[in-house]
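Undergrad: Pasting a structure here, questions to come.
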Amino acid sequence: MTTPTTTQAVAPADFAATLPPHAVSAIVLLTDAAGRILMLRQARPYPGHPAWWQLPGGLADLDEQPLTTARRETAEETGLHLTGPLRPLAVDYRSAADGWPPVIDFAFDAPPVPTGHEVQLSPEHDSCAWRTYEQWLPHLHTEQLAWFTALWRAHQEQTTLVLADGHDIAARSRS
């Protein structure tokens with residue numbers, strides 16, 4: 001005769017309390033008709049890294065979907081209200097560092113913006129520029145290069161990548 005096993009039911013809230021916290025963010029790769037990429041320069045650095053050039057985007061509000069975050073942040077930071085489709089470029093799992101929790105960052109590709117679009121900066125940024133991929137490379141910090149290169153490749157190849165700390169995990173497994 002077998003003895004019945006007993007299992008304890010765990011309340012969903014109790015189980016959820018054991019899960020690790022993650023922040024969610026979303027960014028948008030905006031290009032113009034000439035193929036230049038828009039980046040914004042932070043007015044103040046975030047904790048853990050210096051002020052640097054970045055794509056429009058930011059952290060999700062509570063219960064906000066990544067696509068909604070991408071559209072909201074782009075409008076807040078550039079004055080551009082994206083109404084067309086946004087194509088997923090990449091999902092990047094960024095490990096916890098410098099006091100930040102892990103961040104799951106969604107990158108989207110927008111249709112080209114008409115050349116000459118006037119950017120209306122938010123107080124978060126002190127300048128903006130449209131440059132080609134090659135022109136941006138000397139302006140980026142070392143830790144941004146693999147990430148930026150991966151996003152640009154996904155844009156050009158019309159594909160979607162999975163990244164870990166800015167590096168294409170498929171490329172890592174091939175080497």
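Residue names in the structure tokens use chain letters A, B, ... in the order shown, residue numbers from 1 in each chain, and ligand numbers from 1 in the order shown.
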Could you name the residues that touch A:Arg94 at 8 Å or less, counting only C-alpha atoms, but leaving out those on the same chain fewer than 3 positions away, as a list of chain:residue names?
TA: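 After dropping sequence-adjacent residues, the list is A:Pro102, A:Val103, A:Ile104, A:Asp105, A:Ala164, A:Asp165, A:Gly166.
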Undergrad: Name the residues in contact with A:Pro47 at a cut-off of 10 Å, using only C-alpha atoms, excluding same-chain residues fewer than 2 positions from it; report them as number ranges by chain.
TA: A: 44-45, 49-51, 98-100
Undergrad: Between atom CA of A:Asp92 and atom CA of A:Thr31, what is the spacing in Å?
TA: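 Answer for the atom CA of A:Thr31 to atom CA of A:Asp92 separation: 20.4 Å.
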Undergrad: Pick from A:Gly48, A:Pro101, A:Gly57, A:Pro123: nearest to A:Leu30, with only C-alpha atoms counted?
TA: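 Result for the nearest residue to A:Leu30: A:Gly57.
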Undergrad: Would you mind telling me which residue in A:Ile27, A:Val162, A:Ala33, A:Ala16 lies nearest to A:Tyr93 when using only C-alpha atoms?
TA: A:Val162
